[in-house]
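What follows is the content of coords.cif (mmCIF, C-alpha atoms).
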data_target
loop_
_atom_site.label_atom_id
_atom_site.label_comp_id
_atom_site.auth_asym_id
_atom_site.auth_seq_id
_atom_site.Cartn_x
_atom_site.Cartn_y
_atom_site.Cartn_z
CA MET A 1 -4.72 -17.97 6.49
CA LYS A 2 -2.19 -19.54 8.85
CA LYS A 3 0.18 -16.60 8.46
CA ALA A 4 -2.56 -14.08 9.05
CA PHE A 5 -3.98 -15.88 12.06
CA CYS A 6 -0.79 -15.47 14.08
CA PHE A 7 -1.35 -11.73 14.26
CA LEU A 8 -4.73 -11.89 15.93
CA LEU A 9 -4.11 -9.98 19.10
CA ILE A 10 -5.74 -6.80 20.24
CA VAL A 11 -6.02 -4.51 22.94
CA LEU A 12 -7.76 -1.92 24.54
CA GLY A 13 -8.95 1.65 24.53
CA MET A 14 -7.21 4.63 25.88
CA ALA A 15 -9.00 6.49 28.63
CA VAL A 16 -6.24 9.02 29.27
CA MET A 17 -3.64 10.28 26.81
CA PRO A 18 -0.42 11.84 28.09
CA GLN A 19 1.01 14.93 26.43
CA PRO A 20 3.75 14.55 23.82
CA GLY A 21 7.11 13.77 25.37
CA MET A 22 5.70 13.25 28.86
CA ALA A 23 7.81 10.90 30.96
CA GLN A 24 5.87 7.74 31.55
CA SER A 25 6.99 7.25 35.14
CA SER A 26 4.38 9.78 36.27
CA LEU A 27 1.62 7.43 35.19
CA ARG A 28 2.70 4.31 37.04
CA THR A 29 0.04 2.51 39.02
CA SER A 30 0.23 2.50 42.79
CA SER A 31 -0.77 -1.18 42.84
CA PRO A 32 2.18 -3.44 43.61
CA VAL A 33 3.52 -5.43 40.67
CA PRO A 34 4.28 -9.06 41.59
CA PRO A 35 8.08 -9.54 41.64
CA GLN A 36 7.86 -12.53 39.31
CA VAL A 37 6.11 -10.38 36.71
CA GLU A 38 8.83 -7.73 36.84
CA LEU A 39 11.51 -10.41 36.55
CA MET A 40 9.85 -12.02 33.53
CA TYR A 41 9.12 -8.69 31.92
CA VAL A 42 12.65 -7.30 32.17
CA LYS A 43 14.12 -10.56 30.86
CA GLY A 44 11.69 -10.45 27.94
CA LEU A 45 12.45 -6.81 27.10
CA ARG A 46 16.18 -7.46 27.22
CA PHE A 47 15.74 -10.32 24.79
CA LEU A 48 13.78 -8.12 22.38
CA GLN A 49 16.35 -5.37 22.70
CA ASN A 50 19.33 -7.66 22.10
CA ALA A 51 17.69 -9.64 19.28
CA GLN A 52 16.60 -6.59 17.30
CA LYS A 53 18.49 -5.76 14.13
CA THR A 54 19.55 -2.22 13.32
CA ASP A 55 16.66 -1.85 10.86
CA GLY A 56 14.16 -2.65 13.62
CA THR A 57 13.35 -6.20 12.51
CA TYR A 58 13.94 -9.64 14.01
CA GLU A 59 14.91 -13.07 12.74
CA GLY A 60 12.59 -14.87 10.33
CA THR A 61 9.81 -13.83 7.99
CA TYR A 62 7.42 -12.98 10.79
CA GLY A 63 10.08 -10.91 12.51
CA GLN A 64 9.82 -8.48 9.61
CA GLU A 65 6.07 -7.93 9.80
CA PRO A 66 5.19 -4.35 10.87
CA GLY A 67 2.32 -5.66 13.00
CA ILE A 68 4.73 -7.72 15.08
CA ILE A 69 7.18 -4.82 15.30
CA GLY A 70 4.22 -2.84 16.63
CA PHE A 71 3.76 -5.40 19.40
CA CYS A 72 7.44 -5.13 20.30
CA LEU A 73 7.09 -1.35 20.48
CA MET A 74 4.02 -1.54 22.71
CA SER A 75 5.68 -4.04 25.04
CA VAL A 76 8.31 -1.39 25.82
CA LEU A 77 5.78 1.39 26.30
CA ALA A 78 3.72 -0.82 28.60
CA HIS A 79 6.60 -1.23 31.05
CA GLY A 80 6.85 2.46 31.85
CA ASP A 81 10.40 3.31 30.88
CA ASP A 82 10.84 6.69 29.20
CA PRO A 83 10.69 5.86 25.49
CA ASN A 84 12.77 8.90 24.56
CA THR A 85 15.75 8.60 26.89
CA GLY A 86 15.24 5.35 28.82
CA PRO A 87 17.12 2.05 28.47
CA TYR A 88 15.01 0.93 25.50
CA ALA A 89 14.97 4.25 23.62
CA THR A 90 17.03 2.84 20.74
CA MET A 91 14.68 -0.10 20.39
CA VAL A 92 11.68 2.25 20.36
CA ARG A 93 13.26 4.39 17.66
CA ARG A 94 14.09 1.40 15.50
CA CYS A 95 10.56 0.03 15.80
CA LEU A 96 9.04 3.35 14.81
CA ASN A 97 11.43 3.84 11.91
CA TYR A 98 10.54 0.44 10.52
CA ILE A 99 6.77 0.85 10.88
CA LEU A 100 6.86 4.27 9.24
CA ALA A 101 9.07 2.99 6.43
CA LYS A 102 6.50 0.28 5.71
CA GLN A 103 3.65 2.75 5.32
CA ASN A 104 2.55 3.63 1.81
CA LYS A 105 3.00 7.40 1.73
CA SER A 106 0.04 7.84 -0.60
CA SER A 107 -2.62 5.46 0.72
CA GLY A 108 -1.51 5.20 4.35
CA TYR A 109 -1.54 1.38 4.21
CA ILE A 110 1.02 -0.25 6.53
CA GLY A 111 2.40 -3.62 5.46
CA ASP A 112 0.71 -6.20 3.28
CA SER A 113 -2.40 -7.19 5.25
CA MET A 114 -5.07 -5.55 7.36
CA TYR A 115 -3.67 -7.44 10.35
CA ASN A 116 -0.34 -5.71 9.93
CA HIS A 117 -2.05 -2.42 9.24
CA GLY A 118 -4.34 -2.66 12.27
CA PHE A 119 -1.69 -3.60 14.81
CA ALA A 120 0.82 -1.12 13.42
CA THR A 121 -1.85 1.60 13.58
CA LEU A 122 -2.54 0.63 17.19
CA ALA A 123 1.15 0.93 18.00
CA LEU A 124 1.32 4.38 16.41
CA ALA A 125 -1.71 5.47 18.45
CA GLU A 126 -0.03 4.30 21.65
CA ALA A 127 3.25 5.98 20.77
CA TYR A 128 1.55 9.23 19.82
CA GLY A 129 1.87 11.62 22.73
CA MET A 130 4.57 9.53 24.42
CA VAL A 131 7.36 9.42 21.89
CA ARG A 132 8.82 12.69 20.65
CA ASP A 133 8.57 12.22 16.90
CA ASP A 134 6.73 14.62 14.62
CA ARG A 135 6.22 11.87 12.04
CA ILE A 136 3.79 9.89 14.17
CA GLY A 137 0.78 12.22 13.96
CA PRO A 138 0.61 12.50 10.17
CA ALA A 139 1.27 8.77 9.76
CA LEU A 140 -1.49 7.93 12.22
CA HIS A 141 -3.96 10.20 10.41
CA LYS A 142 -3.22 8.45 7.12
CA ALA A 143 -3.46 4.99 8.65
CA VAL A 144 -6.87 5.74 10.18
CA ALA A 145 -8.11 7.17 6.89
CA LEU A 146 -7.14 3.91 5.14
CA THR A 147 -8.99 1.87 7.78
CA LEU A 148 -12.15 3.96 7.41
CA THR A 149 -12.02 3.82 3.61
CA ALA A 150 -11.67 0.05 3.71
CA GLN A 151 -14.77 -0.21 5.90
CA LYS A 152 -16.79 2.00 3.58
CA LYS A 153 -15.99 -0.34 0.70
CA ASN A 154 -17.12 -3.37 2.71
CA LYS A 155 -20.87 -4.08 2.66
CA THR A 156 -20.63 -6.04 5.93
CA GLY A 157 -19.46 -3.05 7.96
CA GLY A 158 -16.42 -5.04 9.03
CA TRP A 159 -12.95 -5.76 7.68
CA ARG A 160 -10.94 -8.68 6.39
CA TYR A 161 -7.50 -9.36 4.95
CA ALA A 162 -7.18 -6.56 2.39
CA PRO A 163 -8.35 -2.93 2.15
CA ASP A 164 -10.63 -3.85 -0.76
CA SER A 165 -12.15 -6.99 0.82
CA THR A 166 -15.93 -7.24 0.62
CA ASP A 167 -16.31 -9.92 3.31
CA ALA A 168 -15.26 -9.84 6.96
CA ASP A 169 -14.39 -11.89 10.04
CA SER A 170 -14.43 -11.23 13.77
CA THR A 171 -10.66 -11.25 14.21
CA VAL A 172 -9.74 -8.63 11.63
CA THR A 173 -12.78 -6.54 12.52
CA GLY A 174 -11.89 -6.64 16.20
CA CYS A 175 -8.34 -5.59 15.38
CA GLN A 176 -9.47 -2.56 13.38
CA LEU A 177 -12.03 -1.51 15.98
CA VAL A 178 -9.44 -1.48 18.73
CA SER A 179 -7.00 0.52 16.63
CA LEU A 180 -9.76 3.04 15.93
CA TYR A 181 -10.67 3.35 19.61
CA ALA A 182 -7.01 3.96 20.42
CA ALA A 183 -6.68 6.51 17.63
CA ARG A 184 -9.82 8.39 18.66
CA ASN A 185 -8.63 8.59 22.24
CA ALA A 186 -5.32 9.91 20.95
CA GLY A 187 -7.21 12.78 19.35
CA ILE A 188 -7.70 11.49 15.81
CA PRO A 189 -11.26 12.06 14.51
CA VAL A 190 -13.17 8.81 13.98
CA PRO A 191 -16.90 8.97 13.16
CA ASP A 192 -19.34 7.17 15.45
CA GLU A 193 -20.75 5.39 12.41
CA ALA A 194 -17.51 3.45 11.98
CA PHE A 195 -17.81 1.99 15.47
CA GLU A 196 -21.53 1.34 15.09
CA ARG A 197 -21.09 -0.59 11.84
CA GLY A 198 -18.12 -2.53 13.18
CA LEU A 199 -19.91 -3.51 16.38
CA LYS A 200 -22.99 -4.52 14.39
CA TYR A 201 -20.86 -6.91 12.37
CA MET A 202 -19.29 -8.30 15.56
CA ALA A 203 -22.78 -8.89 16.95
CA SER A 204 -23.62 -10.94 13.85
CA CYS A 205 -20.85 -13.36 14.91
CA ARG A 206 -22.26 -13.85 18.43
CA ASP A 207 -24.54 -16.75 19.36
CA SER A 208 -27.31 -16.84 21.97
CA LYS A 209 -24.89 -18.06 24.68
CA GLY A 210 -22.49 -15.17 24.19
CA GLY A 211 -19.86 -17.06 22.21
CA TYR A 212 -18.32 -15.55 19.07
CA GLY A 213 -17.55 -17.40 15.87
CA TYR A 214 -15.15 -16.53 13.06
CA THR A 215 -17.45 -15.34 10.26
CA GLY A 216 -20.77 -15.99 11.99
CA PRO A 217 -22.24 -17.34 15.23
CA SER A 218 -21.49 -21.01 14.48
CA GLY A 219 -18.46 -22.65 16.04
CA PRO A 220 -17.89 -20.18 18.88
CA ARG A 221 -14.36 -20.09 20.29
CA VAL A 222 -13.01 -18.80 23.57
CA THR A 223 -10.42 -16.53 21.97
CA LEU A 224 -12.90 -15.00 19.56
CA THR A 225 -15.29 -14.41 22.44
CA ALA A 226 -12.53 -12.55 24.28
CA ILE A 227 -12.14 -10.30 21.24
CA GLY A 228 -15.86 -9.64 21.06
CA SER A 229 -16.11 -8.95 24.78
CA LEU A 230 -13.22 -6.53 24.59
CA THR A 231 -14.80 -4.48 21.81
CA LEU A 232 -17.98 -4.12 23.85
CA SER A 233 -15.96 -2.98 26.87
CA LEU A 234 -14.22 -0.34 24.81
CA ALA A 235 -17.60 0.76 23.45
CA ARG A 236 -18.80 1.22 27.05
CA GLN A 237 -21.57 -1.32 26.50
CA LYS A 238 -20.97 -3.47 29.57
CA SER A 239 -24.59 -3.08 30.67
CA ASP A 240 -25.73 -4.80 27.48
CA PRO A 241 -27.17 -8.29 28.18
CA SER A 242 -25.02 -9.73 25.40
CA PHE A 243 -21.89 -8.53 27.19
CA LYS A 244 -22.93 -10.35 30.34
CA THR A 245 -23.56 -13.60 28.47
CA SER A 246 -20.15 -13.35 26.81
CA LEU A 247 -18.49 -12.78 30.19
CA ALA A 248 -20.27 -15.85 31.54
CA PHE A 249 -18.93 -17.80 28.54
CA LEU A 250 -15.39 -16.68 29.35
CA LYS A 251 -15.72 -17.46 33.06
CA LYS A 252 -16.63 -21.04 32.20
CA ASN A 253 -13.36 -21.35 30.29
CA LEU A 254 -10.77 -19.94 32.69
CA ASN A 255 -8.78 -23.17 32.46
CA TYR A 256 -8.84 -23.21 28.67
CA ARG A 257 -5.56 -22.95 26.75
CA ASP A 258 -5.28 -22.51 23.02
CA SER A 259 -2.71 -25.10 21.98
CA SER A 260 -2.44 -23.73 18.44
CA TYR A 261 -2.18 -20.00 19.17
CA PRO A 262 -1.36 -19.73 22.88
CA PHE A 263 0.11 -16.22 22.90
CA TYR A 264 -2.73 -14.84 20.83
CA PHE A 265 -5.18 -16.35 23.29
CA GLU A 266 -3.38 -15.20 26.45
CA TYR A 267 -3.14 -11.64 25.26
CA TYR A 268 -6.81 -11.36 24.36
CA MET A 269 -8.09 -13.23 27.39
CA SER A 270 -6.07 -11.04 29.75
CA GLN A 271 -7.42 -7.86 28.17
CA ALA A 272 -11.00 -9.03 27.99
CA LEU A 273 -11.17 -10.17 31.62
CA PHE A 274 -9.39 -7.08 32.95
CA HIS A 275 -11.92 -4.78 31.33
CA ALA A 276 -14.88 -6.99 32.16
CA ASP A 277 -14.39 -8.14 35.76
CA LEU A 278 -11.37 -7.36 37.92
CA ASP A 279 -11.80 -10.28 40.32
CA THR A 280 -12.00 -12.74 37.46
CA TRP A 281 -8.95 -11.16 35.87
CA LYS A 282 -6.99 -11.58 39.13
CA GLU A 283 -7.77 -15.29 39.12
CA TRP A 284 -6.78 -15.55 35.46
CA ASN A 285 -3.66 -13.41 35.97
CA TYR A 286 -2.31 -15.73 38.65
CA LYS A 287 -2.66 -18.70 36.32
CA ASN A 288 -1.11 -16.79 33.44
CA MET A 289 1.90 -15.78 35.55
CA ARG A 290 2.53 -19.41 36.46
CA TYR A 291 2.09 -20.60 32.90
CA LEU A 292 4.41 -18.01 31.39
CA GLY A 293 6.94 -18.33 34.19
CA ALA A 294 7.29 -22.03 33.44
CA SER A 295 7.62 -21.55 29.68
CA GLN A 296 10.01 -18.58 29.43
CA ALA A 297 13.37 -19.56 27.94
CA PRO A 298 16.62 -18.79 29.78
CA ASN A 299 17.38 -15.97 27.33
CA GLY A 300 14.09 -14.26 28.24
CA SER A 301 12.11 -15.23 25.14
CA TRP A 302 9.02 -17.31 24.59
CA LEU A 303 9.07 -19.53 21.52
CA SER A 304 6.53 -20.16 18.76
CA ASP A 305 6.39 -20.99 15.08
CA TYR A 306 5.78 -17.32 14.30
CA SER A 307 9.08 -15.89 15.59
CA ALA A 308 10.32 -15.27 19.09
CA ALA A 309 9.66 -11.55 18.60
CA TYR A 310 5.95 -12.28 18.19
CA SER A 311 5.59 -14.74 21.05
CA THR A 312 7.75 -12.74 23.46
CA SER A 313 6.04 -9.40 22.86
CA ALA A 314 2.58 -11.00 23.02
CA ALA A 315 3.45 -12.79 26.27
CA LEU A 316 4.72 -9.55 27.79
CA LEU A 317 1.60 -7.67 26.78
CA SER A 318 -0.56 -10.34 28.41
CA LEU A 319 1.32 -9.56 31.63
CA ALA A 320 1.30 -5.79 31.19
CA LEU A 321 -2.08 -5.37 32.91
CA ASN A 322 -0.14 -5.78 36.16
CA TYR A 323 1.44 -2.39 35.49
CA ARG A 324 -1.71 -0.68 34.22
CA PHE A 325 0.62 1.91 32.88
CA LEU A 326 -0.27 2.73 29.31
CA PRO A 327 -3.49 4.64 28.69
CA ILE A 328 -4.63 1.57 26.74
CA TYR A 329 -4.78 -0.36 30.01
CA GLU A 330 -7.05 2.15 31.72
CA LYS A 331 -10.60 1.12 32.43
#
Could I get this file's structure written as structure tokens?
Amino acid sequence: MKKAFCFLLIVLGMAVMPQPGMAQSSLRTSSPVPPQVELMYVKGLRFLQNAQKTDGTYEGTYGQEPGIIGFCLMSVLAHGDDPNTGPYATMVRRCLNYILAKQNKSSGYIGDSMYNHGFATLALAEAYGMVRDDRIGPALHKAVALTLTAQKKNKTGGWRYAPDSTDADSTVTGCQLVSLYAARNAGIPVPDEAFERGLKYMASCRDSKGGYGYTGPSGPRVTLTAIGSLTLSLARQKSDPSFKTSLAFLKKNLNYRDSSYPFYFEYYMSQALFHADLDTWKEWNYKNMRYLGASQAPNGSWLSDYSAAYSTSAALLSLALNYRFLPIYEK
């Protein structure tokens, strides 16, 4: 449980998908990026680049998880450097090689948990159309097929730790939903029923005040509510009364910090608020910049019990909304 929980980070839906091999610089936002964000981001990317092993992994057990390698890959793509010829092209290639090597060629399953599978699938969806690699499309198709098959086997309509699980929780379900939204926007067919069933399960975890619990509405948590709010944003259901109550729940907790899983929380909260309410996100973003600026190590990393690769890539992705570069950051 503890190991799995560290992966709970999601993101976004892709509103626009660039063509394969398209240089990312053409998509940069015209909004100015705060200088302190650029400084932190470059230091973080350089750490990830220098700390990466030739096989694409990082130090420690968690540094070998394909879900975390997926986060490292996305943190590069989110900065806007050309992933094919830019300064981090080698790092991008190593990340992709590792993720693809960890995919079961028959079933399409990536890694050893649905967390790893979901985040690695998300990374493939983001790389598809940006990185020139003919392997990505077929691998993404297989990964999505595994996700859909796992849902069909699950009576709840959601997902949990393994492809054959028959129960579900809001974190794994949120992870899979986001990966499916990203895949569909990348051009991979995903039936509407998959989203409908997944969102129905998420709704079963929401209480009357808009807060989301882990396997039901009891014990609502701020981070889980950010996940739930994000899935509704990606589903274009922001006019739903339940979305508004969840946003109100989040607004009441702008000063909250998750002491156990801070990077997981920051990443989700940033995404949820950006998609839900830009003014609220700006207030949150300022606080997040200060918090991460004070906690970044001299070598550019952020530290946690789950590997510096995890905490650094998650911290960077919580800042990446300032660039609004990847299609996944489009409203």
Set the distance at 7 Å and use all atoms listed in the file: which residues neighbour Phe249 of chain A once local chain neighbours fewer than 3 positions away are removed? I'd like the list as a VMD selection string. chain A and resid 210 to 211 245 to 246 252 to 253
Mind telling me what the PyMOL selection byres ((chain A and resi 261-278) around 6) catches here, as an mmCIF file with C-alpha atoms, keeping the file's coordinate frame?
data_model
loop_
_atom_site.group_PDB
_atom_site.id
_atom_site.type_symbol
_atom_site.label_atom_id
_atom_site.label_comp_id
_atom_site.auth_asym_id
_atom_site.auth_seq_id
_atom_site.Cartn_x
_atom_site.Cartn_y
_atom_site.Cartn_z
ATOM 1 C CA LEU A 9 -4.110 -9.980 19.100
ATOM 2 C CA THR A 223 -10.420 -16.530 21.970
ATOM 3 C CA ALA A 226 -12.530 -12.550 24.280
ATOM 4 C CA LEU A 230 -13.220 -6.530 24.590
ATOM 5 C CA ASP A 258 -5.280 -22.510 23.020
ATOM 6 C CA SER A 259 -2.710 -25.100 21.980
ATOM 7 C CA SER A 260 -2.440 -23.730 18.440
ATOM 8 C CA ASP A 279 -11.800 -10.280 40.320
ATOM 9 C CA THR A 280 -12.000 -12.740 37.460
ATOM 10 C CA TRP A 281 -8.950 -11.160 35.870
ATOM 11 C CA SER A 311 5.590 -14.740 21.050
ATOM 12 C CA ALA A 314 2.580 -11.000 23.020
ATOM 13 C CA ALA A 315 3.450 -12.790 26.270
ATOM 14 C CA SER A 318 -0.560 -10.340 28.410
#
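Minimum distance to Glu193 of chain A across A:Lys43, A:Arg206, A:Lys152, A:Arg160 (counting all atoms listed in the file) occurs at A:Lys152.
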For atom CA of Asp305 of chain A and atom CA of Asn322 of chain A, the interatomic separation in Å (one decimal):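 A separation of 26.8 Å between them.
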Could you pull the residues within 12 Å of Ala183 of chain A, counting all atoms listed in the file, minus those fewer than 3 positions along the same chain, as a PyMOL selection string? chain A and resi 12-17+118-129+136-137+139-145+147-148+176-180+186-191+327-328
Which distance in Å separates atom CA of Ile68 of chain A and atom CA of Ala309 of chain A, to one decimal? 7.2 Å
Please report the interatomic distance between atom CA of His117 of chain A and atom CA of Pro66 of chain A in Å with one decimal.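 About the pair atom CA of His117 of chain A and atom CA of Pro66 of chain A: they are 7.7 Å apart.
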Applied to the shown file, which residues does the PyMOL selection byres ((chain A and resi 196) around 12) return, written as a list of chain:residue names? A:Gln151, A:Thr156, A:Gly157, A:Gly158, A:Leu177, A:Leu180, A:Tyr181, A:Val190, A:Pro191, A:Asp192, A:Glu193, A:Ala194, A:Phe195, A:Arg197, A:Gly198, A:Leu199, A:Lys200, A:Tyr201, A:Met202, A:Ala203, A:Thr231, A:Leu232, A:Ala235, A:Gln237
Would you save the residues from that selection as a PDB file, in the frame of the given file, using C-alpha atoms?
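And here's selection_37.pdb as it stands now:
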ATOM      1  CA  GLN A 151     -14.770  -0.210   5.900  1.00  0.00           C
ATOM      2  CA  THR A 156     -20.630  -6.040   5.930  1.00  0.00           C
ATOM      3  CA  GLY A 157     -19.460  -3.050   7.960  1.00  0.00           C
ATOM      4  CA  GLY A 158     -16.420  -5.040   9.030  1.00  0.00           C
ATOM      5  CA  LEU A 177     -12.030  -1.510  15.980  1.00  0.00           C
ATOM      6  CA  LEU A 180      -9.760   3.040  15.930  1.00  0.00           C
ATOM      7  CA  TYR A 181     -10.670   3.350  19.610  1.00  0.00           C
ATOM      8  CA  VAL A 190     -13.170   8.810  13.980  1.00  0.00           C
ATOM      9  CA  PRO A 191     -16.900   8.970  13.160  1.00  0.00           C
ATOM     10  CA  ASP A 192     -19.340   7.170  15.450  1.00  0.00           C
ATOM     11  CA  GLU A 193     -20.750   5.390  12.410  1.00  0.00           C
ATOM     12  CA  ALA A 194     -17.510   3.450  11.980  1.00  0.00           C
ATOM     13  CA  PHE A 195     -17.810   1.990  15.470  1.00  0.00           C
ATOM     14  CA  ARG A 197     -21.090  -0.590  11.840  1.00  0.00           C
ATOM     15  CA  GLY A 198     -18.120  -2.530  13.180  1.00  0.00           C
ATOM     16  CA  LEU A 199     -19.910  -3.510  16.380  1.00  0.00           C
ATOM     17  CA  LYS A 200     -22.990  -4.520  14.390  1.00  0.00           C
ATOM     18  CA  TYR A 201     -20.860  -6.910  12.370  1.00  0.00           C
ATOM     19  CA  MET A 202     -19.290  -8.300  15.560  1.00  0.00           C
ATOM     20  CA  ALA A 203     -22.780  -8.890  16.950  1.00  0.00           C
ATOM     21  CA  THR A 231     -14.800  -4.480  21.810  1.00  0.00           C
ATOM     22  CA  LEU A 232     -17.980  -4.120  23.850  1.00  0.00           C
ATOM     23  CA  ALA A 235     -17.600   0.760  23.450  1.00  0.00           C
ATOM     24  CA  GLN A 237     -21.570  -1.320  26.500  1.00  0.00           C
TER      25      GLN A 237
END
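Using all atoms listed in the file, the residues found no farther than 8 Å from segment 99-106 of chain A, other than those of its own chain fewer than 3 positions away, are Pro66, Ile69, Gly70, Cys95, Leu96, Tyr109, Ile110, Gly111, Ala120 and Ala139 of chain A.
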